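Below: protein.cif (mmCIF, N, CA and C atoms)
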```cif
data_my_file
loop_
_atom_site.label_atom_id
_atom_site.label_comp_id
_atom_site.auth_asym_id
_atom_site.auth_seq_id
_atom_site.Cartn_x
_atom_site.Cartn_y
_atom_site.Cartn_z
N MET A 1 90.73 90.41 104.85
CA MET A 1 90.21 89.63 105.95
C MET A 1 90.26 90.42 107.24
N ALA A 2 91.29 91.21 107.43
CA ALA A 2 91.43 91.92 108.70
C ALA A 2 90.34 92.96 108.89
N THR A 3 89.83 93.52 107.81
CA THR A 3 88.79 94.54 107.94
C THR A 3 87.40 93.95 107.98
N THR A 4 87.29 92.64 107.90
CA THR A 4 86.00 91.96 108.00
C THR A 4 86.08 90.98 109.16
N PRO A 5 85.85 91.47 110.38
CA PRO A 5 85.99 90.58 111.52
C PRO A 5 84.99 89.43 111.45
N ALA A 6 85.45 88.27 111.85
CA ALA A 6 84.60 87.08 111.83
C ALA A 6 85.09 86.12 112.90
N PRO A 7 84.18 85.29 113.40
CA PRO A 7 84.63 84.24 114.33
C PRO A 7 85.64 83.32 113.63
N ALA A 8 86.45 82.67 114.42
CA ALA A 8 87.50 81.81 113.87
C ALA A 8 86.95 80.76 112.92
N ARG A 9 85.80 80.16 113.25
CA ARG A 9 85.25 79.11 112.39
C ARG A 9 84.82 79.68 111.04
N VAL A 10 84.30 80.92 111.03
CA VAL A 10 83.89 81.54 109.76
C VAL A 10 85.13 81.90 108.94
N ALA A 11 86.14 82.45 109.59
CA ALA A 11 87.38 82.79 108.88
C ALA A 11 88.02 81.54 108.29
N GLU A 12 88.01 80.46 109.06
CA GLU A 12 88.56 79.20 108.56
C GLU A 12 87.76 78.71 107.35
N HIS A 13 86.44 78.84 107.42
CA HIS A 13 85.58 78.43 106.30
C HIS A 13 85.88 79.28 105.06
N ILE A 14 86.06 80.58 105.25
CA ILE A 14 86.36 81.48 104.13
C ILE A 14 87.68 81.08 103.48
N LEU A 15 88.70 80.87 104.29
CA LEU A 15 90.01 80.49 103.74
C LEU A 15 89.97 79.12 103.07
N THR A 16 89.26 78.18 103.67
CA THR A 16 89.15 76.85 103.08
C THR A 16 88.42 76.91 101.75
N THR A 17 87.33 77.68 101.70
CA THR A 17 86.57 77.82 100.45
C THR A 17 87.43 78.43 99.36
N ALA A 18 88.15 79.49 99.69
CA ALA A 18 89.02 80.15 98.71
C ALA A 18 90.13 79.20 98.25
N ALA A 19 90.71 78.46 99.18
CA ALA A 19 91.78 77.52 98.83
C ALA A 19 91.28 76.45 97.87
N ILE A 20 90.11 75.89 98.16
CA ILE A 20 89.55 74.84 97.31
C ILE A 20 89.30 75.39 95.91
N ARG A 21 88.78 76.62 95.81
CA ARG A 21 88.51 77.22 94.49
C ARG A 21 89.78 77.34 93.66
N GLU A 22 90.91 77.55 94.34
CA GLU A 22 92.16 77.74 93.61
C GLU A 22 93.05 76.51 93.60
N GLY A 23 92.57 75.39 94.15
CA GLY A 23 93.35 74.15 94.14
C GLY A 23 94.55 74.20 95.08
N LEU A 24 94.44 74.97 96.15
CA LEU A 24 95.51 75.08 97.13
C LEU A 24 95.07 74.45 98.44
N SER A 25 96.02 74.15 99.29
CA SER A 25 95.66 73.73 100.64
C SER A 25 95.46 75.00 101.46
N PRO A 26 94.64 74.94 102.52
CA PRO A 26 94.47 76.14 103.35
C PRO A 26 95.79 76.70 103.88
N PRO A 27 96.77 75.87 104.30
CA PRO A 27 98.05 76.45 104.73
C PRO A 27 98.79 77.18 103.61
N GLU A 28 98.68 76.67 102.36
CA GLU A 28 99.32 77.36 101.23
C GLU A 28 98.67 78.73 101.00
N LEU A 29 97.34 78.76 101.07
CA LEU A 29 96.63 80.03 100.89
C LEU A 29 96.99 80.99 102.01
N ALA A 30 96.99 80.50 103.25
CA ALA A 30 97.34 81.35 104.39
C ALA A 30 98.77 81.89 104.23
N GLY A 31 99.67 81.06 103.73
CA GLY A 31 101.04 81.49 103.49
C GLY A 31 101.12 82.60 102.45
N ALA A 32 100.33 82.46 101.38
CA ALA A 32 100.30 83.49 100.34
C ALA A 32 99.74 84.79 100.90
N MET A 33 98.71 84.69 101.74
CA MET A 33 98.13 85.90 102.34
C MET A 33 99.12 86.55 103.31
N TYR A 34 99.85 85.73 104.06
CA TYR A 34 100.85 86.26 104.97
C TYR A 34 101.94 86.98 104.17
N ALA A 35 102.39 86.35 103.09
CA ALA A 35 103.42 86.98 102.25
C ALA A 35 102.91 88.29 101.68
N ALA A 36 101.62 88.35 101.32
CA ALA A 36 101.05 89.59 100.80
C ALA A 36 101.06 90.68 101.86
N SER A 37 100.86 90.30 103.11
CA SER A 37 100.90 91.30 104.18
C SER A 37 102.30 91.84 104.40
N ARG A 38 103.29 91.14 103.87
CA ARG A 38 104.69 91.56 103.99
C ARG A 38 105.22 92.18 102.70
N GLY A 39 104.33 92.46 101.74
CA GLY A 39 104.73 93.17 100.53
C GLY A 39 104.79 92.36 99.26
N THR A 40 104.68 91.04 99.35
CA THR A 40 104.67 90.21 98.15
C THR A 40 103.28 90.29 97.53
N PRO A 41 103.19 90.61 96.24
CA PRO A 41 101.85 90.71 95.63
C PRO A 41 101.09 89.39 95.71
N LEU A 42 99.84 89.47 96.07
CA LEU A 42 98.97 88.31 96.12
C LEU A 42 98.50 88.03 94.69
N PRO A 43 98.64 86.80 94.20
CA PRO A 43 98.17 86.50 92.85
C PRO A 43 96.70 86.90 92.70
N SER A 44 96.36 87.51 91.58
CA SER A 44 95.01 88.04 91.39
C SER A 44 93.95 86.95 91.51
N ARG A 45 94.24 85.74 91.07
CA ARG A 45 93.24 84.67 91.17
C ARG A 45 92.98 84.29 92.63
N VAL A 46 94.01 84.34 93.46
CA VAL A 46 93.85 84.05 94.89
C VAL A 46 93.08 85.18 95.56
N ASP A 47 93.43 86.42 95.21
CA ASP A 47 92.71 87.57 95.75
C ASP A 47 91.23 87.50 95.40
N ARG A 48 90.95 87.17 94.15
CA ARG A 48 89.56 87.06 93.69
C ARG A 48 88.83 85.94 94.44
N ALA A 49 89.50 84.81 94.64
CA ALA A 49 88.88 83.69 95.35
C ALA A 49 88.56 84.06 96.79
N VAL A 50 89.46 84.78 97.45
CA VAL A 50 89.21 85.20 98.83
C VAL A 50 88.04 86.18 98.88
N ARG A 51 88.02 87.15 97.95
CA ARG A 51 86.91 88.11 97.92
C ARG A 51 85.56 87.40 97.69
N GLN A 52 85.55 86.44 96.79
CA GLN A 52 84.32 85.70 96.53
C GLN A 52 83.89 84.89 97.75
N ALA A 53 84.85 84.31 98.45
CA ALA A 53 84.53 83.53 99.65
C ALA A 53 84.00 84.44 100.76
N VAL A 54 84.56 85.64 100.90
CA VAL A 54 84.05 86.60 101.89
C VAL A 54 82.64 86.99 101.53
N GLN A 55 82.39 87.28 100.25
CA GLN A 55 81.04 87.65 99.81
C GLN A 55 80.06 86.51 100.06
N ALA A 56 80.48 85.29 99.79
CA ALA A 56 79.60 84.15 100.03
C ALA A 56 79.30 84.00 101.52
N ALA A 57 80.28 84.33 102.37
CA ALA A 57 80.05 84.24 103.81
C ALA A 57 79.08 85.33 104.28
N ARG A 58 79.04 86.44 103.55
CA ARG A 58 78.12 87.53 103.91
C ARG A 58 76.68 87.20 103.55
N THR A 59 76.51 86.30 102.61
CA THR A 59 75.18 85.90 102.18
C THR A 59 75.07 84.38 102.23
N ARG A 60 73.88 83.90 102.14
CA ARG A 60 73.68 82.44 102.10
C ARG A 60 72.95 82.12 100.81
N ASP A 61 73.61 81.39 99.92
CA ASP A 61 73.04 81.00 98.62
C ASP A 61 72.54 82.22 97.84
N GLY A 62 73.27 83.33 97.94
CA GLY A 62 72.90 84.52 97.20
C GLY A 62 71.80 85.33 97.83
N ALA A 63 71.21 84.85 98.91
CA ALA A 63 70.14 85.59 99.59
C ALA A 63 70.70 86.20 100.87
N PRO A 64 70.12 87.31 101.33
CA PRO A 64 70.61 87.90 102.56
C PRO A 64 70.51 86.91 103.72
N THR A 65 71.43 87.04 104.66
CA THR A 65 71.42 86.14 105.80
C THR A 65 70.24 86.46 106.70
N THR A 66 69.86 85.50 107.53
CA THR A 66 68.73 85.70 108.45
C THR A 66 69.19 86.52 109.64
N HIS A 67 68.23 86.90 110.48
CA HIS A 67 68.60 87.67 111.66
C HIS A 67 69.39 86.82 112.66
N HIS A 68 69.35 85.51 112.51
CA HIS A 68 70.13 84.64 113.38
C HIS A 68 71.58 84.58 112.95
N GLU A 69 71.83 84.89 111.70
CA GLU A 69 73.19 84.87 111.16
C GLU A 69 73.47 86.24 110.55
N PRO A 70 73.95 87.19 111.34
CA PRO A 70 74.17 88.52 110.79
C PRO A 70 75.27 88.50 109.73
N PRO A 71 75.16 89.36 108.72
CA PRO A 71 76.20 89.40 107.70
C PRO A 71 77.51 89.92 108.28
N LEU A 72 78.60 89.51 107.69
CA LEU A 72 79.89 90.02 108.11
C LEU A 72 79.98 91.48 107.68
N MET A 73 80.35 92.32 108.59
CA MET A 73 80.48 93.74 108.30
C MET A 73 81.88 94.19 108.70
N PRO A 74 82.37 95.24 108.04
CA PRO A 74 83.70 95.75 108.41
C PRO A 74 83.64 96.40 109.79
N LEU A 75 84.79 96.62 110.36
CA LEU A 75 84.83 97.40 111.59
C LEU A 75 84.30 98.79 111.29
N ARG A 76 83.51 99.34 112.20
CA ARG A 76 82.92 100.66 111.98
C ARG A 76 84.01 101.71 111.73
N VAL A 77 85.11 101.63 112.46
CA VAL A 77 86.19 102.61 112.28
C VAL A 77 86.78 102.51 110.87
N ASP A 78 86.86 101.30 110.31
CA ASP A 78 87.38 101.16 108.94
C ASP A 78 86.41 101.75 107.93
N ALA A 79 85.11 101.54 108.15
CA ALA A 79 84.11 102.13 107.25
C ALA A 79 84.15 103.65 107.35
N GLU A 80 84.29 104.19 108.55
CA GLU A 80 84.37 105.64 108.72
C GLU A 80 85.61 106.20 108.04
N ARG A 81 86.73 105.51 108.19
CA ARG A 81 87.98 105.95 107.56
C ARG A 81 87.84 105.93 106.04
N ALA A 82 87.24 104.86 105.50
CA ALA A 82 87.07 104.75 104.05
C ALA A 82 86.12 105.83 103.53
N LEU A 83 85.07 106.12 104.28
CA LEU A 83 84.15 107.19 103.87
C LEU A 83 84.85 108.54 103.88
N GLY A 84 85.64 108.80 104.92
CA GLY A 84 86.38 110.06 104.98
C GLY A 84 87.32 110.20 103.80
N ARG A 85 88.00 109.11 103.46
CA ARG A 85 88.91 109.12 102.32
C ARG A 85 88.13 109.38 101.01
N PHE A 86 86.94 108.77 100.89
CA PHE A 86 86.12 108.97 99.71
C PHE A 86 85.69 110.43 99.59
N PHE A 87 85.15 111.00 100.67
CA PHE A 87 84.67 112.39 100.61
C PHE A 87 85.82 113.36 100.36
N ASP A 88 86.98 113.11 100.95
CA ASP A 88 88.15 113.95 100.70
C ASP A 88 88.56 113.86 99.23
N ALA A 89 88.61 112.65 98.69
CA ALA A 89 89.00 112.47 97.28
C ALA A 89 87.99 113.11 96.35
N ARG A 90 86.71 113.03 96.70
CA ARG A 90 85.67 113.65 95.87
C ARG A 90 85.84 115.17 95.84
N LEU A 91 86.13 115.78 96.98
CA LEU A 91 86.36 117.23 97.01
C LEU A 91 87.58 117.61 96.18
N ARG A 92 88.66 116.85 96.32
CA ARG A 92 89.87 117.14 95.54
C ARG A 92 89.63 116.96 94.05
N LEU A 93 88.84 115.94 93.68
CA LEU A 93 88.55 115.71 92.26
C LEU A 93 87.66 116.82 91.70
N THR A 94 86.74 117.31 92.49
CA THR A 94 85.89 118.43 92.07
C THR A 94 86.74 119.68 91.82
N ALA A 95 87.73 119.89 92.66
CA ALA A 95 88.60 121.05 92.52
C ALA A 95 89.57 120.92 91.35
N ASN A 96 89.95 119.69 91.03
CA ASN A 96 90.93 119.48 89.96
C ASN A 96 90.57 118.22 89.17
N PRO A 97 89.55 118.30 88.29
CA PRO A 97 89.05 117.10 87.61
C PRO A 97 89.99 116.49 86.57
N THR A 98 91.03 117.19 86.17
CA THR A 98 91.92 116.65 85.14
C THR A 98 93.17 115.99 85.71
N ASP A 99 93.36 116.04 87.01
CA ASP A 99 94.55 115.47 87.63
C ASP A 99 94.42 113.95 87.71
N PRO A 100 95.30 113.20 87.04
CA PRO A 100 95.18 111.73 87.05
C PRO A 100 95.41 111.11 88.43
N VAL A 101 96.27 111.69 89.24
CA VAL A 101 96.53 111.15 90.58
C VAL A 101 95.29 111.31 91.45
N THR A 102 94.64 112.45 91.35
CA THR A 102 93.43 112.71 92.12
C THR A 102 92.32 111.76 91.67
N ARG A 103 92.19 111.55 90.37
CA ARG A 103 91.17 110.63 89.87
C ARG A 103 91.44 109.21 90.36
N ARG A 104 92.70 108.79 90.35
CA ARG A 104 93.05 107.45 90.83
C ARG A 104 92.74 107.30 92.32
N ASP A 105 93.04 108.34 93.10
CA ASP A 105 92.70 108.31 94.53
C ASP A 105 91.20 108.17 94.74
N PHE A 106 90.43 108.90 93.94
CA PHE A 106 88.97 108.83 94.03
C PHE A 106 88.47 107.43 93.68
N GLU A 107 88.97 106.88 92.59
CA GLU A 107 88.56 105.53 92.18
C GLU A 107 88.99 104.47 93.19
N ASP A 108 90.18 104.63 93.76
CA ASP A 108 90.64 103.71 94.80
C ASP A 108 89.73 103.77 96.03
N SER A 109 89.32 104.97 96.40
CA SER A 109 88.46 105.10 97.58
C SER A 109 87.10 104.46 97.31
N LEU A 110 86.59 104.58 96.10
CA LEU A 110 85.32 103.93 95.76
C LEU A 110 85.46 102.41 95.77
N PHE A 111 86.55 101.91 95.22
CA PHE A 111 86.78 100.47 95.21
C PHE A 111 86.86 99.93 96.64
N THR A 112 87.56 100.66 97.50
CA THR A 112 87.68 100.25 98.90
C THR A 112 86.31 100.15 99.55
N LEU A 113 85.46 101.15 99.32
CA LEU A 113 84.11 101.11 99.89
C LEU A 113 83.31 99.93 99.35
N CYS A 114 83.43 99.65 98.06
CA CYS A 114 82.71 98.51 97.47
C CYS A 114 83.14 97.20 98.14
N VAL A 115 84.44 97.03 98.35
CA VAL A 115 84.94 95.81 98.97
C VAL A 115 84.51 95.74 100.43
N LEU A 116 84.69 96.83 101.17
CA LEU A 116 84.33 96.82 102.58
C LEU A 116 82.85 96.52 102.81
N MET A 117 82.00 97.11 101.98
CA MET A 117 80.57 96.97 102.18
C MET A 117 80.00 95.78 101.42
N GLY A 118 80.82 95.12 100.61
CA GLY A 118 80.36 93.95 99.88
C GLY A 118 79.32 94.28 98.84
N ARG A 119 79.46 95.43 98.20
CA ARG A 119 78.49 95.89 97.20
C ARG A 119 79.16 95.98 95.84
N PRO A 120 78.42 95.65 94.77
CA PRO A 120 79.03 95.64 93.44
C PRO A 120 79.11 97.00 92.76
N ASN A 121 78.42 98.01 93.30
CA ASN A 121 78.50 99.32 92.65
C ASN A 121 78.74 100.42 93.68
N ALA A 122 79.27 101.52 93.18
CA ALA A 122 79.71 102.61 94.06
C ALA A 122 78.56 103.25 94.82
N HIS A 123 77.46 103.51 94.14
CA HIS A 123 76.33 104.18 94.81
C HIS A 123 75.84 103.37 96.00
N ALA A 124 75.65 102.08 95.82
CA ALA A 124 75.18 101.23 96.90
C ALA A 124 76.20 101.15 98.02
N ALA A 125 77.48 101.09 97.67
CA ALA A 125 78.53 100.99 98.69
C ALA A 125 78.58 102.25 99.55
N VAL A 126 78.53 103.42 98.90
CA VAL A 126 78.57 104.68 99.65
C VAL A 126 77.33 104.81 100.51
N SER A 127 76.17 104.51 99.94
CA SER A 127 74.92 104.60 100.69
C SER A 127 74.93 103.68 101.91
N ASP A 128 75.35 102.43 101.72
CA ASP A 128 75.41 101.47 102.83
C ASP A 128 76.42 101.91 103.89
N ALA A 129 77.56 102.43 103.45
CA ALA A 129 78.59 102.86 104.39
C ALA A 129 78.11 104.04 105.23
N VAL A 130 77.41 104.97 104.59
CA VAL A 130 76.88 106.13 105.33
C VAL A 130 75.86 105.66 106.36
N GLN A 131 74.96 104.78 105.95
CA GLN A 131 73.95 104.27 106.88
C GLN A 131 74.61 103.48 108.00
N TYR A 132 75.58 102.67 107.67
CA TYR A 132 76.26 101.83 108.67
C TYR A 132 76.99 102.67 109.70
N THR A 133 77.66 103.72 109.24
CA THR A 133 78.44 104.54 110.18
C THR A 133 77.54 105.47 110.99
N GLU A 134 76.34 105.74 110.54
CA GLU A 134 75.43 106.60 111.28
C GLU A 134 74.65 105.84 112.36
N LEU A 135 74.68 104.50 112.33
CA LEU A 135 73.98 103.71 113.34
C LEU A 135 74.58 103.95 114.71
N GLU A 136 73.74 103.87 115.72
CA GLU A 136 74.22 103.99 117.09
C GLU A 136 75.11 102.80 117.40
N ALA A 137 76.22 103.04 118.02
CA ALA A 137 77.15 101.96 118.36
C ALA A 137 76.64 101.15 119.54
#
```

This structure in C-alpha cells:
Amino acid sequence: MATTPAPARVAEHILTTAAIREGLSPPELAGAMYAASRGTPLPSRVDRAVRQAVQAARTRDGAPTTHHEPPLMPLRVDAERALGRFFDARLRLTANPTDPVTRRDFEDSLFTLCVLMGRPNAHAAVSDAVQYTELEA
C-alpha cells in the first residue's frame, strides 16, 4: 500500500474490499497489515486479497480507467529503485547463472516490478516501468 499512493477514500475502499473478501473487519485487516510492517508475516490469503483490491482499484471492471480517473501508480522513485535492482540482478545473473542466491534476487526483482506496475508478466512490467520512469516529471 505504501508504494501505491492513493487518496484516503481510495485507500479506505481498497482496505474495505480486501477485508470483505477475507471476512474481516477493516480494523482487523489494518491491524494485520500494521503487524506485518513490524515483522509479523501477513497471512497469504490477506496479502492476496489486498493485492487483488489494489489491482481492482487500478482498473474499473477489468477495463482501463478513464482519463478522469487515472490508474494508481507507484511512486516514481520506487519504480526507479525497482528497475535499478532488476538491472543489477540481471547483470549478476548473466555473470553467474548457476548461483541460486543470484537467481532468487533476480526473480524477486521481477516479482517486485510486476506488483508495482500491476502487470501479470515480467516483460510487461519491465516495459511499463521503463516507460513510466522515462516520462517527464

Per-residue DSSP, region 15-103 of chain A, filtered to strand (DSSP E or B), as a PyMOL selection string: chain A and resi 59-60+63-64

Residue members of the PyMOL selection byres (((chain A and resi 28-32 and name CA) around 12) and name CA) in the file shown, as a PyMOL selection string: chain A and resi 1+11-12+14-27+33-47+49-50

Exercise: region 122-135 of chain A partners within 8 Å, all atoms listed in the file, chain neighbours under 3 positions left out, as a ChimeraX atom specification: /A:76-77,79-80,83,110-119

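Atom pair CA of Ala53 (chain A) / atom C of Pro74 (chain A) has a distance of 16.4 Å (rounded to one decimal).
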
Expected answer as a ChimeraX atom specification: helix (DSSP H, G or I) residues in chain A: /A:8-22,26-37,44-58,76-95,100-117,122-134

Atom-to-atom span, CA of Leu93 (chain A) and CA of Glu107 (chain A), Å: 10.2 Å

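Distance annotation: of A:Arg85, A:His13, A:Asn121, A:Gln52, the residue with the minimal separation from Phe106 (chain A) is A:Arg85; atom set is all atoms listed in the file.
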
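If you look at atom N of Phe86 (chain A) and CA of Ser109 (chain A), they are 5.2 Å away from each other.
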
Could you tell me which residues the PyMOL selection byres (((chain A and resi 102 and name CA) around 12) and name CA) returns for this structure, as a PDB file with N, CA and C atoms, keeping the file's coordinate frame?
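Once written, selection29.pdb looks like this:
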```pdb
ATOM      1  N   ARG A  85      88.000 109.110 103.460  1.00  0.00           N
ATOM      2  CA  ARG A  85      88.910 109.120 102.320  1.00  0.00           C
ATOM      3  C   ARG A  85      88.130 109.380 101.010  1.00  0.00           C
ATOM      4  N   PHE A  86      86.940 108.770 100.890  1.00  0.00           N
ATOM      5  CA  PHE A  86      86.120 108.970  99.710  1.00  0.00           C
ATOM      6  C   PHE A  86      85.690 110.430  99.590  1.00  0.00           C
ATOM      7  N   ASP A  88      86.980 113.110 100.950  1.00  0.00           N
ATOM      8  CA  ASP A  88      88.150 113.950 100.700  1.00  0.00           C
ATOM      9  C   ASP A  88      88.560 113.860  99.230  1.00  0.00           C
ATOM     10  N   ALA A  89      88.610 112.650  98.690  1.00  0.00           N
ATOM     11  CA  ALA A  89      89.000 112.470  97.280  1.00  0.00           C
ATOM     12  C   ALA A  89      87.990 113.110  96.350  1.00  0.00           C
ATOM     13  N   ARG A  90      86.710 113.030  96.700  1.00  0.00           N
ATOM     14  CA  ARG A  90      85.670 113.650  95.870  1.00  0.00           C
ATOM     15  C   ARG A  90      85.840 115.170  95.840  1.00  0.00           C
ATOM     16  N   LEU A  91      86.130 115.780  96.980  1.00  0.00           N
ATOM     17  CA  LEU A  91      86.360 117.230  97.010  1.00  0.00           C
ATOM     18  C   LEU A  91      87.580 117.610  96.180  1.00  0.00           C
ATOM     19  N   ARG A  92      88.660 116.850  96.320  1.00  0.00           N
ATOM     20  CA  ARG A  92      89.870 117.140  95.540  1.00  0.00           C
ATOM     21  C   ARG A  92      89.630 116.960  94.050  1.00  0.00           C
ATOM     22  N   LEU A  93      88.840 115.940  93.680  1.00  0.00           N
ATOM     23  CA  LEU A  93      88.550 115.710  92.260  1.00  0.00           C
ATOM     24  C   LEU A  93      87.660 116.820  91.700  1.00  0.00           C
ATOM     25  N   THR A  94      86.740 117.310  92.490  1.00  0.00           N
ATOM     26  CA  THR A  94      85.890 118.430  92.070  1.00  0.00           C
ATOM     27  C   THR A  94      86.740 119.680  91.820  1.00  0.00           C
ATOM     28  N   ALA A  95      87.730 119.890  92.660  1.00  0.00           N
ATOM     29  CA  ALA A  95      88.600 121.050  92.520  1.00  0.00           C
ATOM     30  C   ALA A  95      89.570 120.920  91.350  1.00  0.00           C
ATOM     31  N   ASN A  96      89.950 119.690  91.030  1.00  0.00           N
ATOM     32  CA  ASN A  96      90.930 119.480  89.960  1.00  0.00           C
ATOM     33  C   ASN A  96      90.570 118.220  89.170  1.00  0.00           C
ATOM     34  N   PRO A  97      89.550 118.300  88.290  1.00  0.00           N
ATOM     35  CA  PRO A  97      89.050 117.100  87.610  1.00  0.00           C
ATOM     36  C   PRO A  97      89.990 116.490  86.570  1.00  0.00           C
ATOM     37  N   THR A  98      91.030 117.190  86.170  1.00  0.00           N
ATOM     38  CA  THR A  98      91.920 116.650  85.140  1.00  0.00           C
ATOM     39  C   THR A  98      93.170 115.990  85.710  1.00  0.00           C
ATOM     40  N   ASP A  99      93.360 116.040  87.010  1.00  0.00           N
ATOM     41  CA  ASP A  99      94.550 115.470  87.630  1.00  0.00           C
ATOM     42  C   ASP A  99      94.420 113.950  87.710  1.00  0.00           C
ATOM     43  N   PRO A 100      95.300 113.200  87.040  1.00  0.00           N
ATOM     44  CA  PRO A 100      95.180 111.730  87.050  1.00  0.00           C
ATOM     45  C   PRO A 100      95.410 111.110  88.430  1.00  0.00           C
ATOM     46  N   VAL A 101      96.270 111.690  89.240  1.00  0.00           N
ATOM     47  CA  VAL A 101      96.530 111.150  90.580  1.00  0.00           C
ATOM     48  C   VAL A 101      95.290 111.310  91.450  1.00  0.00           C
ATOM     49  N   ARG A 103      92.190 111.550  90.370  1.00  0.00           N
ATOM     50  CA  ARG A 103      91.170 110.630  89.870  1.00  0.00           C
ATOM     51  C   ARG A 103      91.440 109.210  90.360  1.00  0.00           C
ATOM     52  N   ARG A 104      92.700 108.790  90.350  1.00  0.00           N
ATOM     53  CA  ARG A 104      93.050 107.450  90.830  1.00  0.00           C
ATOM     54  C   ARG A 104      92.740 107.300  92.320  1.00  0.00           C
ATOM     55  N   ASP A 105      93.040 108.340  93.100  1.00  0.00           N
ATOM     56  CA  ASP A 105      92.700 108.310  94.530  1.00  0.00           C
ATOM     57  C   ASP A 105      91.200 108.170  94.740  1.00  0.00           C
ATOM     58  N   PHE A 106      90.430 108.900  93.940  1.00  0.00           N
ATOM     59  CA  PHE A 106      88.970 108.830  94.030  1.00  0.00           C
ATOM     60  C   PHE A 106      88.470 107.430  93.680  1.00  0.00           C
ATOM     61  N   GLU A 107      88.970 106.880  92.590  1.00  0.00           N
ATOM     62  CA  GLU A 107      88.560 105.530  92.180  1.00  0.00           C
ATOM     63  C   GLU A 107      88.990 104.470  93.190  1.00  0.00           C
ATOM     64  N   ASP A 108      90.180 104.630  93.760  1.00  0.00           N
ATOM     65  CA  ASP A 108      90.640 103.710  94.800  1.00  0.00           C
ATOM     66  C   ASP A 108      89.730 103.770  96.030  1.00  0.00           C
ATOM     67  N   SER A 109      89.320 104.970  96.400  1.00  0.00           N
ATOM     68  CA  SER A 109      88.460 105.100  97.580  1.00  0.00           C
ATOM     69  C   SER A 109      87.100 104.460  97.310  1.00  0.00           C
TER      70      SER A 109
END
```

Start from the incomplete input, build N, CA, C and O atoms for region 105-118 of chain A, and deliver everything as a compact mmCIF listing (two decimals), keeping the file's coordinate frame.
```
# COMPACT_ATOMS: atom_id res chain seq x y z
N ASP A 105 93.04 108.34 93.10
CA ASP A 105 92.70 108.31 94.53
C ASP A 105 91.20 108.17 94.74
O ASP A 105 90.74 107.42 95.60
N PHE A 106 90.43 108.90 93.94
CA PHE A 106 88.97 108.83 94.03
C PHE A 106 88.47 107.43 93.68
O PHE A 106 87.67 106.85 94.41
N GLU A 107 88.97 106.88 92.59
CA GLU A 107 88.56 105.53 92.18
C GLU A 107 88.99 104.47 93.19
O GLU A 107 88.24 103.54 93.48
N ASP A 108 90.18 104.63 93.76
CA ASP A 108 90.64 103.71 94.80
C ASP A 108 89.73 103.77 96.03
O ASP A 108 89.41 102.74 96.63
N SER A 109 89.32 104.97 96.40
CA SER A 109 88.46 105.10 97.58
C SER A 109 87.10 104.46 97.31
O SER A 109 86.53 103.83 98.21
N LEU A 110 86.59 104.58 96.10
CA LEU A 110 85.32 103.93 95.76
C LEU A 110 85.46 102.41 95.77
O LEU A 110 84.59 101.70 96.28
N PHE A 111 86.55 101.91 95.22
CA PHE A 111 86.78 100.47 95.21
C PHE A 111 86.86 99.93 96.64
O PHE A 111 86.27 98.89 96.95
N THR A 112 87.56 100.66 97.50
CA THR A 112 87.68 100.25 98.90
C THR A 112 86.31 100.15 99.55
O THR A 112 86.01 99.18 100.26
N LEU A 113 85.46 101.15 99.32
CA LEU A 113 84.11 101.11 99.89
C LEU A 113 83.31 99.93 99.35
O LEU A 113 82.58 99.28 100.10
N CYS A 114 83.43 99.65 98.06
CA CYS A 114 82.71 98.51 97.47
C CYS A 114 83.14 97.20 98.14
O CYS A 114 82.31 96.36 98.48
N VAL A 115 84.44 97.03 98.35
CA VAL A 115 84.94 95.81 98.97
C VAL A 115 84.51 95.74 100.43
O VAL A 115 84.01 94.71 100.89
N LEU A 116 84.69 96.83 101.17
CA LEU A 116 84.33 96.82 102.58
C LEU A 116 82.85 96.52 102.81
O LEU A 116 82.49 95.78 103.71
N MET A 117 82.00 97.11 101.98
CA MET A 117 80.57 96.97 102.18
C MET A 117 80.00 95.78 101.42
O MET A 117 78.82 95.46 101.57
N GLY A 118 80.82 95.12 100.61
CA GLY A 118 80.36 93.95 99.88
C GLY A 118 79.32 94.28 98.84
O GLY A 118 78.38 93.51 98.61
```
